[in-house]
>>> print(open('model-v1.txt').read())   # compact mmCIF, C-alpha atoms
# COMPACT_ATOMS: atom_id res chain seq x y z
CA MET D 1 85.66 93.83 15.42
CA SER D 2 83.41 90.94 16.39
CA GLY D 3 80.03 92.01 17.61
CA TYR D 4 79.02 89.01 19.70
CA LYS D 5 80.82 87.08 22.39
CA ILE D 6 79.80 83.50 23.07
CA LEU D 7 81.08 81.60 26.08
CA VAL D 8 81.46 77.82 25.93
CA VAL D 9 81.53 76.18 29.37
CA GLU D 10 82.51 72.52 29.10
CA ASP D 11 84.89 70.33 31.08
CA SER D 12 85.44 67.86 28.25
CA ALA D 13 88.20 69.16 25.97
CA ILE D 14 86.74 67.23 23.05
CA MET D 15 83.27 68.65 23.44
CA ARG D 16 84.64 72.12 24.07
CA GLN D 17 86.69 71.98 20.89
CA LEU D 18 83.69 70.74 18.91
CA LEU D 19 81.47 73.54 20.20
CA VAL D 20 84.12 76.20 19.64
CA MET D 21 84.79 74.96 16.10
CA SER D 22 81.09 74.96 15.33
CA LEU D 23 80.39 78.38 16.82
CA ARG D 24 83.28 79.99 14.94
CA ARG D 25 81.24 79.39 11.81
CA VAL D 26 78.69 81.95 13.00
CA PRO D 27 79.65 85.25 11.37
CA GLY D 28 80.79 88.07 13.63
CA VAL D 29 81.30 86.14 16.84
CA THR D 30 84.19 85.66 19.24
CA VAL D 31 84.14 82.40 21.14
CA LEU D 32 85.47 82.29 24.71
CA GLU D 33 86.10 79.10 26.66
CA ALA D 34 85.83 77.93 30.25
CA SER D 35 86.34 74.41 31.57
CA ASP D 36 83.86 74.67 34.44
CA GLY D 37 81.32 76.94 36.12
CA LEU D 38 83.83 78.73 38.33
CA GLU D 39 86.08 79.60 35.42
CA ALA D 40 82.97 80.71 33.55
CA LEU D 41 82.06 83.15 36.34
CA LYS D 42 85.50 84.74 36.05
CA VAL D 43 85.04 85.22 32.31
CA ILE D 44 81.50 86.54 32.79
CA ALA D 45 82.75 89.09 35.32
CA ASN D 46 85.13 90.60 32.76
CA GLU D 47 83.19 90.27 29.52
CA THR D 48 79.89 91.35 28.05
CA LEU D 49 78.44 88.15 26.65
CA SER D 50 75.74 87.61 24.06
CA LEU D 51 75.26 83.90 24.57
CA VAL D 52 76.42 81.00 26.78
CA PHE D 53 76.67 77.32 25.85
CA SER D 54 77.13 75.25 29.00
CA ASP D 55 77.47 71.60 29.92
CA VAL D 56 75.37 70.41 32.87
CA ASN D 57 77.66 67.95 34.63
CA MET D 58 80.94 69.63 35.48
CA PRO D 59 83.30 69.58 38.42
CA GLY D 60 83.24 72.59 40.76
CA LEU D 61 80.23 74.61 39.73
CA ASP D 62 77.87 72.63 37.50
CA GLY D 63 75.78 73.98 34.65
CA LEU D 64 72.50 74.23 36.54
CA LYS D 65 74.10 76.22 39.36
CA LEU D 66 75.68 78.47 36.77
CA VAL D 67 72.26 79.10 35.20
CA ARG D 68 70.83 79.93 38.63
CA MET D 69 73.64 82.40 39.32
CA LEU D 70 73.34 84.10 35.93
CA GLN D 71 69.59 84.41 36.43
CA ALA D 72 70.05 85.94 39.89
CA ASP D 73 72.38 88.65 38.60
CA GLN D 74 70.70 91.70 37.04
CA ARG D 75 73.66 92.18 34.71
CA THR D 76 73.57 88.65 33.28
CA ARG D 77 69.96 87.53 33.56
CA GLU D 78 69.17 88.46 29.94
CA ILE D 79 71.99 86.35 28.47
CA PRO D 80 70.50 83.32 26.68
CA ILE D 81 71.90 80.03 27.97
CA VAL D 82 72.01 76.83 25.92
CA MET D 83 72.48 73.68 27.97
CA VAL D 84 74.48 70.93 26.21
CA THR D 85 74.21 67.65 28.04
CA THR D 86 74.12 63.89 27.94
CA GLU D 87 70.94 63.90 30.07
CA GLY D 88 68.14 63.26 27.60
CA ALA D 89 65.23 62.70 30.00
CA VAL D 90 62.29 65.10 29.81
CA GLU D 91 62.47 65.88 33.53
CA ASP D 92 66.13 66.94 33.18
CA ARG D 93 65.19 69.25 30.36
CA ASP D 94 62.22 70.66 32.31
CA ARG D 95 64.39 71.30 35.35
CA ALA D 96 66.97 73.22 33.30
CA MET D 97 64.30 75.22 31.47
CA ALA D 98 62.55 76.04 34.75
CA LEU D 99 65.82 77.41 36.12
CA GLY D 100 66.11 79.76 33.17
CA ALA D 101 67.91 77.90 30.39
CA THR D 102 66.88 79.12 26.94
CA GLU D 103 67.60 75.94 24.98
CA TYR D 104 68.45 72.36 25.88
CA ILE D 105 70.34 70.12 23.47
CA THR D 106 71.60 66.61 24.04
CA LYS D 107 74.91 65.03 23.12
CA PRO D 108 76.11 63.97 20.69
CA VAL D 109 75.47 67.31 18.98
CA GLN D 110 75.48 68.19 15.31
CA ALA D 111 77.63 71.20 14.41
CA ALA D 112 74.87 72.51 12.13
CA LYS D 113 72.38 72.46 15.00
CA VAL D 114 74.75 74.40 17.25
CA VAL D 115 75.27 77.02 14.52
CA ASP D 116 71.54 77.18 13.91
CA ILE D 117 70.68 77.73 17.56
CA ALA D 118 73.40 80.34 18.06
CA SER D 119 72.37 82.24 14.92
CA ARG D 120 68.73 82.20 15.98
CA LEU D 121 69.41 83.37 19.52
CA LEU D 122 71.68 86.14 18.24
CA GLY D 123 69.10 87.18 15.68
CA LEU D 124 71.30 86.33 12.72
CA SER D 125 70.45 84.43 9.58
CA THR D 126 71.89 80.94 9.43
CA PRO D 127 75.07 80.85 7.31
CA GLY D 128 74.80 78.90 4.08
CA MET M 1 6.73 136.91 -87.41
CA SER M 2 3.40 138.64 -87.41
CA GLN M 3 2.88 141.44 -84.98
CA LYS M 4 -0.53 140.50 -84.25
CA GLU M 5 -0.93 136.90 -83.21
CA ASP M 6 -4.00 135.35 -81.86
CA PRO M 7 -4.00 135.76 -78.08
CA GLY M 8 -5.59 132.32 -77.71
CA LYS M 9 -2.67 130.77 -79.52
CA LEU M 10 -0.27 132.75 -77.41
CA THR M 11 -1.86 131.51 -74.27
CA GLN M 12 -1.75 127.95 -75.60
CA ARG M 13 1.89 128.28 -76.49
CA ALA M 14 2.63 129.83 -73.17
CA ASP M 15 0.90 126.90 -71.47
CA GLU M 16 2.86 124.46 -73.63
CA PHE M 17 6.08 126.25 -72.71
CA LEU M 18 5.13 126.12 -69.10
CA GLN M 19 4.40 122.43 -69.45
CA VAL M 20 7.77 121.86 -71.07
CA PHE M 21 9.42 123.97 -68.43
CA LYS M 22 7.64 122.03 -65.65
CA LYS M 23 8.72 118.72 -67.19
CA GLY M 24 12.24 120.08 -67.42
CA ALA M 25 12.05 121.11 -63.82
CA GLU M 26 10.69 117.69 -62.78
CA PHE M 27 13.35 115.98 -64.85
CA THR M 28 15.98 118.13 -63.20
CA GLN M 29 14.50 117.23 -59.80
CA GLU M 30 14.53 113.59 -60.80
CA LEU M 31 18.16 113.88 -61.88
CA LEU M 32 19.08 115.56 -58.64
CA ARG M 33 17.39 112.74 -56.63
CA GLU M 34 19.12 110.11 -58.78
CA ASN M 35 22.36 111.89 -58.24
CA GLU M 36 21.74 111.92 -54.53
CA ARG M 37 20.89 108.21 -54.55
CA LEU M 38 23.95 107.37 -56.55
CA ARG M 39 26.14 109.42 -54.25
CA PHE M 40 24.65 107.58 -51.28
CA GLN M 41 25.31 104.25 -52.99
CA LEU M 42 28.82 105.36 -53.75
CA VAL M 43 29.39 106.23 -50.12
CA GLN M 44 27.97 102.85 -49.13
CA VAL M 45 30.18 101.06 -51.59
CA GLU M 46 33.17 103.05 -50.39
CA GLU M 47 32.27 102.21 -46.77
CA GLN M 48 31.90 98.52 -47.68
CA GLY M 49 35.23 98.64 -49.42
CA ARG M 50 36.82 100.30 -46.41
CA LEU M 51 35.22 97.72 -44.11
CA ALA M 52 36.39 94.88 -46.32
CA SER M 53 39.88 96.33 -46.27
CA CYS M 54 39.71 96.71 -42.48
CA ALA M 55 38.47 93.13 -42.16
CA ALA M 56 41.34 91.87 -44.29
CA GLN M 57 43.77 93.92 -42.23
CA ALA M 58 42.15 92.65 -39.03
CA LEU M 59 42.41 89.08 -40.23
CA GLN M 60 46.04 89.65 -41.02
CA GLU M 61 46.55 91.13 -37.56
CA VAL M 62 44.72 88.16 -36.01
CA GLU M 63 47.05 85.86 -37.87
CA THR M 64 50.05 87.86 -36.65
CA LEU M 65 48.71 87.80 -33.09
CA LYS M 66 48.04 84.06 -33.33
CA SER M 67 51.61 83.56 -34.42
CA GLN M 68 52.82 85.76 -31.55
CA VAL M 69 50.64 83.82 -29.08
CA ALA M 70 52.12 80.57 -30.39
CA ASP M 71 55.64 82.00 -30.00
CA LEU M 72 54.83 83.24 -26.49
CA GLU M 73 53.29 79.90 -25.60
CA GLN M 74 56.46 78.19 -26.79
CA GLU M 75 58.52 80.70 -24.81
CA LYS M 76 56.32 80.08 -21.76
CA GLN M 77 56.83 76.34 -22.08
CA GLU M 78 60.56 76.90 -22.38
CA ILE M 79 60.52 79.14 -19.27
CA LEU M 80 58.45 76.54 -17.40
CA ARG M 81 60.97 73.88 -18.40
CA ARG M 82 63.78 76.16 -17.19
CA ILE M 83 61.95 76.82 -13.90
CA ALA M 84 61.49 73.08 -13.44
CA ARG M 85 65.19 72.58 -14.18
CA VAL M 86 66.19 75.34 -11.73
CA GLU M 87 63.86 73.92 -9.08
CA ALA M 88 65.37 70.48 -9.58
CA GLU M 89 68.82 72.06 -9.30
CA ASN M 90 67.74 73.87 -6.13
CA ILE M 91 66.55 70.61 -4.60
CA ASP M 92 69.79 69.00 -5.69
CA PHE M 93 71.80 71.87 -4.15
CA ALA M 94 69.76 71.66 -0.93
CA ASN M 95 70.37 67.91 -0.74
CA ARG M 96 74.05 68.41 -1.46
CA TYR M 97 74.21 71.14 1.17
CA VAL M 98 72.72 68.76 3.76
CA GLU M 99 75.12 66.06 2.58
CA ILE M 100 78.13 68.41 2.77
CA GLU M 101 76.96 69.67 6.16
CA GLY M 102 76.86 66.05 7.34
CA GLU M 103 80.32 65.42 5.89
CA ASN M 104 81.54 68.60 7.53
CA ASN M 105 80.16 67.45 10.86
CA SER M 106 81.76 64.03 10.44
CA LEU M 107 85.12 65.53 9.48
CA ALA M 108 84.99 67.90 12.47
CA ASN M 109 84.28 64.97 14.81
CA LEU M 110 87.02 62.84 13.28
CA TYR M 111 89.50 65.71 13.34
CA ILE M 112 88.78 66.50 16.99
CA ALA M 113 88.92 62.84 18.00
CA THR M 114 92.27 62.34 16.23
CA TYR M 115 93.66 65.63 17.48
CA GLN M 116 92.76 64.86 21.09
CA LEU M 117 93.91 61.23 20.95
CA HIS M 118 97.38 62.27 19.93
CA SER M 119 97.56 65.35 22.16
CA THR M 120 99.10 63.48 25.09
CA LEU M 121 101.53 60.71 25.93
CA ASP M 122 100.06 60.10 29.35
CA PHE M 123 98.42 56.67 29.48
CA ARG M 124 95.58 57.74 31.85
CA ASP M 125 94.89 60.84 29.75
CA VAL M 126 94.63 58.72 26.61
CA LEU M 127 92.10 56.42 28.31
CA GLN M 128 90.19 59.51 29.47
CA ILE M 129 90.14 60.94 25.95
CA ILE M 130 88.86 57.65 24.52
CA SER M 131 86.07 57.73 27.12
CA GLU M 132 85.21 61.31 26.23
CA ILE M 133 85.04 60.44 22.54
CA ILE M 134 82.61 57.62 23.25
CA ILE M 135 80.47 59.77 25.58
CA ASN M 136 80.44 63.04 23.68
CA LEU M 137 80.80 62.08 20.05
CA ILE M 138 79.17 58.64 19.93
CA GLY M 139 76.71 58.94 22.81
CA GLY M 140 77.74 55.85 24.78
CA GLU M 141 76.41 55.68 28.32
CA GLU M 142 77.88 52.36 29.41
CA PHE M 143 81.08 51.04 27.92
CA ALA M 144 84.42 49.52 28.84
CA LEU M 145 87.88 49.46 27.36
CA PHE M 146 89.74 46.17 27.67
CA LEU M 147 93.45 45.73 27.03
CA LEU M 148 95.03 42.43 26.12
CA ASP M 149 97.30 41.02 28.78
CA GLU M 150 100.00 39.28 26.72
CA ASN M 151 101.01 37.07 29.67
CA THR M 152 97.57 35.62 30.41
CA GLY M 153 96.14 35.95 26.89
CA SER M 154 92.99 37.57 28.23
CA LEU M 155 91.26 40.94 28.01
CA GLN M 156 91.34 43.04 31.19
CA ALA M 157 89.02 46.04 31.75
CA MET M 158 91.11 49.20 32.07
CA ALA M 159 88.64 52.05 31.72
CA GLY M 160 84.95 52.60 31.29
CA GLU M 161 81.85 54.54 32.13
CA GLY M 162 78.61 53.39 33.71
CA VAL M 163 80.17 50.04 34.60
CA VAL M 164 82.06 48.75 37.63
CA LEU M 165 85.44 47.77 36.20
CA ASP M 166 86.27 45.37 39.03
CA ARG M 167 83.14 43.38 38.33
CA LEU M 168 83.87 42.93 34.67
CA PRO M 169 85.39 39.53 33.98
CA ALA M 170 88.62 38.89 32.09
CA TYR M 171 87.79 37.54 28.65
CA PRO M 172 90.16 34.87 27.28
CA LEU M 173 91.00 35.19 23.59
CA GLY M 174 88.45 33.41 21.43
CA HIS M 175 85.83 33.23 24.18
CA GLY M 176 82.59 35.15 24.06
CA ILE M 177 81.96 38.13 21.81
CA LEU M 178 84.86 40.15 23.20
CA GLY M 179 87.33 37.26 23.04
CA THR M 180 86.23 36.44 19.48
CA VAL M 181 86.57 40.05 18.37
CA ALA M 182 90.06 40.19 19.91
CA SER M 183 91.17 36.99 18.22
CA SER M 184 89.56 37.67 14.83
CA GLY M 185 90.26 41.40 14.69
CA GLU M 186 86.78 41.95 13.23
CA SER M 187 84.31 44.43 14.72
CA PHE M 188 81.00 43.22 16.11
CA TYR M 189 77.72 45.15 15.98
CA ALA M 190 74.53 43.83 17.62
CA ALA M 191 71.59 43.28 15.27
CA THR M 192 69.37 45.44 17.47
CA LEU M 193 70.10 48.08 20.06
CA ASP M 194 67.70 46.58 22.63
CA CYS M 195 70.45 45.50 24.85
CA ALA M 196 71.29 44.40 27.94
CA GLY M 197 74.21 45.91 29.75
CA PRO M 198 77.61 44.56 30.67
CA GLY M 199 76.31 41.72 32.80
CA CYS M 200 74.95 39.72 29.92
CA ASP M 201 78.09 39.71 27.77
CA ALA M 202 76.13 41.20 24.87
CA PRO M 203 77.61 44.51 23.84
CA LEU M 204 75.95 46.71 21.23
CA ALA M 205 79.30 47.22 19.59
CA CYS M 206 82.66 45.63 20.11
CA ILE M 207 85.68 47.12 18.36
CA PRO M 208 89.16 45.61 18.24
CA LEU M 209 91.94 48.13 18.93
CA LYS M 210 94.59 47.24 16.38
CA ILE M 211 98.04 48.31 15.34
CA LYS M 212 98.12 46.91 11.83
CA ASP M 213 96.94 43.33 12.43
CA ARG M 214 97.96 43.13 16.05
CA VAL M 215 95.04 43.48 18.45
CA ILE M 216 96.03 45.20 21.71
CA GLY M 217 92.57 45.52 23.20
CA VAL M 218 88.85 45.75 22.70
CA LEU M 219 86.29 48.49 23.17
CA ALA M 220 82.83 47.30 24.20
CA VAL M 221 79.80 49.62 24.18
CA TYR M 222 76.90 48.25 26.25
CA LYS M 223 74.38 51.05 26.30
CA LEU M 224 73.69 54.31 24.52
CA PHE M 225 72.13 57.46 25.95
CA LEU M 226 68.36 57.70 26.08
CA GLN M 227 68.28 60.18 23.19
CA LYS M 228 70.52 58.01 21.02
CA ARG M 229 68.33 55.50 19.19
CA CYS M 230 70.82 53.98 16.81
CA PHE M 231 74.34 54.22 15.50
CA ALA M 232 74.81 56.80 12.76
CA ASP M 233 77.28 56.60 9.87
CA ILE M 234 79.67 58.89 11.72
CA ASP M 235 79.65 56.48 14.70
CA TYR M 236 80.97 53.68 12.52
CA GLU M 237 83.64 56.04 11.21
CA LEU M 238 84.55 57.00 14.75
CA PHE M 239 84.74 53.33 15.73
CA THR M 240 87.03 52.72 12.77
CA LEU M 241 89.15 55.70 13.81
CA LEU M 242 89.28 54.47 17.41
CA ALA M 243 90.25 50.99 16.24
CA GLY M 244 93.46 52.40 14.75
CA HIS M 245 94.24 55.67 16.46
CA ALA M 246 93.20 54.71 20.00
CA ALA M 247 95.39 51.64 19.70
CA THR M 248 98.45 53.62 18.61
CA ALA M 249 97.79 56.31 21.22
CA ILE M 250 97.52 53.69 23.98
CA PHE M 251 100.57 51.84 22.74
CA ALA M 252 102.66 55.03 22.42
CA SER M 253 101.64 56.29 25.86
CA LYS M 254 102.47 52.93 27.44
CA LEU M 255 105.86 52.87 25.74
CA TYR M 256 106.49 56.45 26.81
CA SER M 257 105.53 55.67 30.43
CA GLU M 258 107.81 52.64 30.45
CA SER M 259 110.72 54.53 28.91
CA GLU M 260 110.20 57.37 31.39
CA ARG M 261 110.23 54.86 34.24
CA LYS M 262 113.35 53.15 32.89
CA LEU M 263 115.02 56.51 32.34
CA THR M 264 114.29 57.50 35.95
CA THR M 265 115.67 54.17 37.17
CA ILE M 266 118.83 54.50 35.07
CA GLN M 267 119.21 58.13 36.15
CA GLY M 268 118.86 57.07 39.76
CA PHE M 269 121.40 54.30 39.22
CA LEU M 270 123.87 56.71 37.57
CA ASP M 271 123.37 59.21 40.37
CA LEU M 272 124.12 56.49 42.86
CA LEU M 273 127.31 55.50 41.00
CA THR M 274 128.62 59.03 40.59
CA LYS M 275 128.05 60.08 44.20
>>> encode(input="model-v1.txt", output="structure tokens")
Amino acid sequence: MSGYKILVVEDSAIMRQLLVMSLRRVPGVTVLEASDGLEALKVIANETLSLVFSDVNMPGLDGLKLVRMLQADQRTREIPIVMVTTEGAVEDRDRAMALGATEYITKPVQAAKVVDIASRLLGLSTPG
Amino acid sequence: MSQKEDPGKLTQRADEFLQVFKKGAEFTQELLRENERLRFQLVQVEEQGRLASCAAQALQEVETLKSQVADLEQEKQEILRRIARVEAENIDFANRYVEIEGENNSLANLYIATYQLHSTLDFRDVLQIISEIIINLIGGEEFALFLLDENTGSLQAMAGEGVVLDRLPAYPLGHGILGTVASSGESFYAATLDCAGPGCDAPLACIPLKIKDRVIGVLAVYKLFLQKRCFADIDYELFTLLAGHAATAIFASKLYSESERKLTTIQGFLDLLTK
């Protein structure tokens, strides 16, 4: 059985597929998907997650609001959150980090970087 | 022998005997000392012989050790050469790993882009997917997709991001960068990425969307995201992929939409006739 569950929250099907494909390379993980913040909350309510990768700009509940909600909940506040976004400005990064994001990476992303970050945050050695 | 000898003579003879005896004793002492000396010399000679033998043996051992040191030195040099070879191989493997990782990343991007482009026959969805590819995989912030209007012979903006489509002009074939790209079928890449935006008619990249040699539209990228400093190799591959696959996906979805519309019309007509 897989030991870690990673949730990918991304409205773009392309980006979601890229993240899921990349994260499946991390040994011992199951990757779950949600297309926006609201769908993510439903998944989070039913699963025990080890890590969340989330887009910032999404319809419904955006990534920053999702971070705020996860931080406010005792059950989910310890889950590391990696923001994946097109917003490359320092102030955008600072805002996300101040809200409680663990990492902030900008698009376009490299699969190796995604694997590296996930492995590090899960305390695993990088594959390969 | 006479019984009665002169006592004086006896004493003299006794003295002489004593003298002889003393000399004999001294001689014996002398012999004993000489014997001692000779034995000492013999021991010395034996010791010297033993030492000489040891020295010869030691020299032989030194020679053996020197030969062993030379062999070990040679072995060490061989090991050092092997280590250097292994280190070079390690560096080569590391470089190849990075290279393969890059290839892997490129293939994943190309696979996803192709997979998504051909995942729908809805025209609007295809345009949306093309936009997502440019935003998420290439890092384009401002761009527009123009399709060739066969009737007017000009390029009309159909989709985009970061630009107001209505404000984008129609580009006649052969005019400006976009028109030239559409008529020549050759991609255009700006010499520098210090650009401009859609107003100045100077895109960073302009890609013809082609089905074989027939250009059906043009993709113009005007601005990249802040964090994107330049086009990478994978971007050019994605542009090449878009040039072919986006064109066929657009063409197929348009054909499908038209056939669906015609089918609905015919169905409606048939329904009308059979009622």
>>> interface_residues(input="model-v1.txt", of="chain M", to="chain D", cutoff="8 Å", atoms="all atoms listed in the file", output="PyMOL selection string")
chain M and resi 101+105+108-109+112-113+116+129+132-133+135-139+225-227
>>> atom_distance(input="model-v1.txt", atom1="CA of Gly185 in chain M", atom2="CA of Leu168 in chain M")
21.0 Å
>>> closest_residue(input="model-v1.txt", among="D:Ala34, D:Val26, D:Ile6, D:Val43", to="Val82 in chain D", atoms="all atoms listed in the file")
D:Ile6
>>> closest_residue(input="model-v1.txt", among="M:Thr240, M:Thr64, M:Asn151, M:Gln48", to="Phe188 in chain M", atoms="only C-alpha atoms")
M:Thr240
>>> closest_residue(input="model-v1.txt", among="D:Asp116, D:Asp73, D:Asp94, D:Asp11", to="Leu38 in chain D", atoms="all atoms listed in the file")
D:Asp11
>>> atom_distance(input="model-v1.txt", atom1="CA of Ile79 in chain M", atom2="CA of Glu63 in chain M")
23.9 Å
>>> decode(input="model-v1.txt", residues="range 136-165 of chain M", atoms="N, CA and C atoms", output="tab-separated table (two decimals), in the first residue's frame")
chain	number	residue	atom	x	y	z
M	136	ASN	N	0.92	27.34	-19.50
M	136	ASN	CA	1.50	26.43	-18.51
M	136	ASN	C	2.79	25.75	-18.93
M	137	LEU	N	2.92	25.45	-20.20
M	137	LEU	CA	4.12	24.71	-20.62
M	137	LEU	C	5.19	25.62	-21.23
M	138	ILE	N	4.75	26.72	-21.85
M	138	ILE	CA	5.74	27.62	-22.46
M	138	ILE	C	6.00	28.84	-21.56
M	139	GLY	N	4.97	29.27	-20.86
M	139	GLY	CA	5.15	30.44	-19.98
M	139	GLY	C	4.80	31.75	-20.66
M	140	GLY	N	3.86	31.70	-21.61
M	140	GLY	CA	3.43	32.91	-22.30
M	140	GLY	C	2.40	33.67	-21.49
M	141	GLU	N	2.62	34.97	-21.34
M	141	GLU	CA	1.67	35.78	-20.58
M	141	GLU	C	0.70	36.50	-21.51
M	142	GLU	N	1.23	36.99	-22.62
M	142	GLU	CA	0.37	37.66	-23.61
M	142	GLU	C	0.58	36.99	-24.97
M	143	PHE	N	-0.51	36.54	-25.52
M	143	PHE	CA	-0.41	35.88	-26.83
M	143	PHE	C	-1.79	35.87	-27.50
M	144	ALA	N	-1.79	35.62	-28.79
M	144	ALA	CA	-3.06	35.55	-29.52
M	144	ALA	C	-2.96	34.50	-30.61
M	145	LEU	N	-4.11	33.88	-30.86
M	145	LEU	CA	-4.19	32.86	-31.91
M	145	LEU	C	-5.05	33.44	-33.04
M	146	PHE	N	-4.46	33.52	-34.20
M	146	PHE	CA	-5.17	34.05	-35.37
M	146	PHE	C	-5.49	32.90	-36.32
M	147	LEU	N	-6.70	32.95	-36.90
M	147	LEU	CA	-7.03	31.96	-37.91
M	147	LEU	C	-7.22	32.68	-39.25
M	148	LEU	N	-6.84	32.00	-40.30
M	148	LEU	CA	-6.92	32.60	-41.63
M	148	LEU	C	-8.35	32.54	-42.15
M	149	ASP	N	-8.85	33.71	-42.47
M	149	ASP	CA	-10.18	33.79	-43.10
M	149	ASP	C	-9.96	33.64	-44.60
M	150	GLU	N	-10.40	32.50	-45.14
M	150	GLU	CA	-10.15	32.20	-46.57
M	150	GLU	C	-10.82	33.23	-47.48
M	151	ASN	N	-11.96	33.78	-47.04
M	151	ASN	CA	-12.70	34.72	-47.88
M	151	ASN	C	-11.97	36.05	-48.01
M	152	THR	N	-11.48	36.56	-46.87
M	152	THR	CA	-10.83	37.89	-46.92
M	152	THR	C	-9.33	37.79	-47.10
M	153	GLY	N	-8.77	36.59	-46.90
M	153	GLY	CA	-7.31	36.41	-47.02
M	153	GLY	C	-6.56	37.12	-45.92
M	154	SER	N	-7.18	37.22	-44.75
M	154	SER	CA	-6.50	37.89	-43.64
M	154	SER	C	-6.61	37.05	-42.36
M	155	LEU	N	-5.72	37.36	-41.43
M	155	LEU	CA	-5.68	36.64	-40.15
M	155	LEU	C	-6.56	37.34	-39.13
M	156	GLN	N	-7.49	36.59	-38.53
M	156	GLN	CA	-8.41	37.16	-37.54
M	156	GLN	C	-8.10	36.54	-36.17
M	157	ALA	N	-8.01	37.39	-35.13
M	157	ALA	CA	-7.73	36.89	-33.77
M	157	ALA	C	-8.94	36.11	-33.26
M	158	MET	N	-8.68	34.88	-32.80
M	158	MET	CA	-9.77	34.02	-32.33
M	158	MET	C	-9.68	33.71	-30.85
M	159	ALA	N	-8.48	33.71	-30.32
M	159	ALA	CA	-8.30	33.40	-28.90
M	159	ALA	C	-7.01	34.07	-28.43
M	160	GLY	N	-6.89	34.19	-27.12
M	160	GLY	CA	-5.66	34.80	-26.62
M	160	GLY	C	-5.71	34.98	-25.12
M	161	GLU	N	-4.67	35.53	-24.61
M	161	GLU	CA	-4.55	35.76	-23.17
M	161	GLU	C	-3.74	37.04	-23.00
M	162	GLY	N	-4.20	37.89	-22.09
M	162	GLY	CA	-3.47	39.13	-21.81
M	162	GLY	C	-3.60	40.17	-22.90
M	163	VAL	N	-4.46	39.90	-23.88
M	163	VAL	CA	-4.68	40.86	-24.97
M	163	VAL	C	-6.20	41.02	-25.17
M	164	VAL	N	-6.58	42.18	-25.71
M	164	VAL	CA	-8.00	42.39	-26.02
M	164	VAL	C	-8.18	42.00	-27.48
M	165	LEU	N	-8.87	40.90	-27.71
M	165	LEU	CA	-8.98	40.35	-29.06
M	165	LEU	C	-9.59	41.34	-30.05
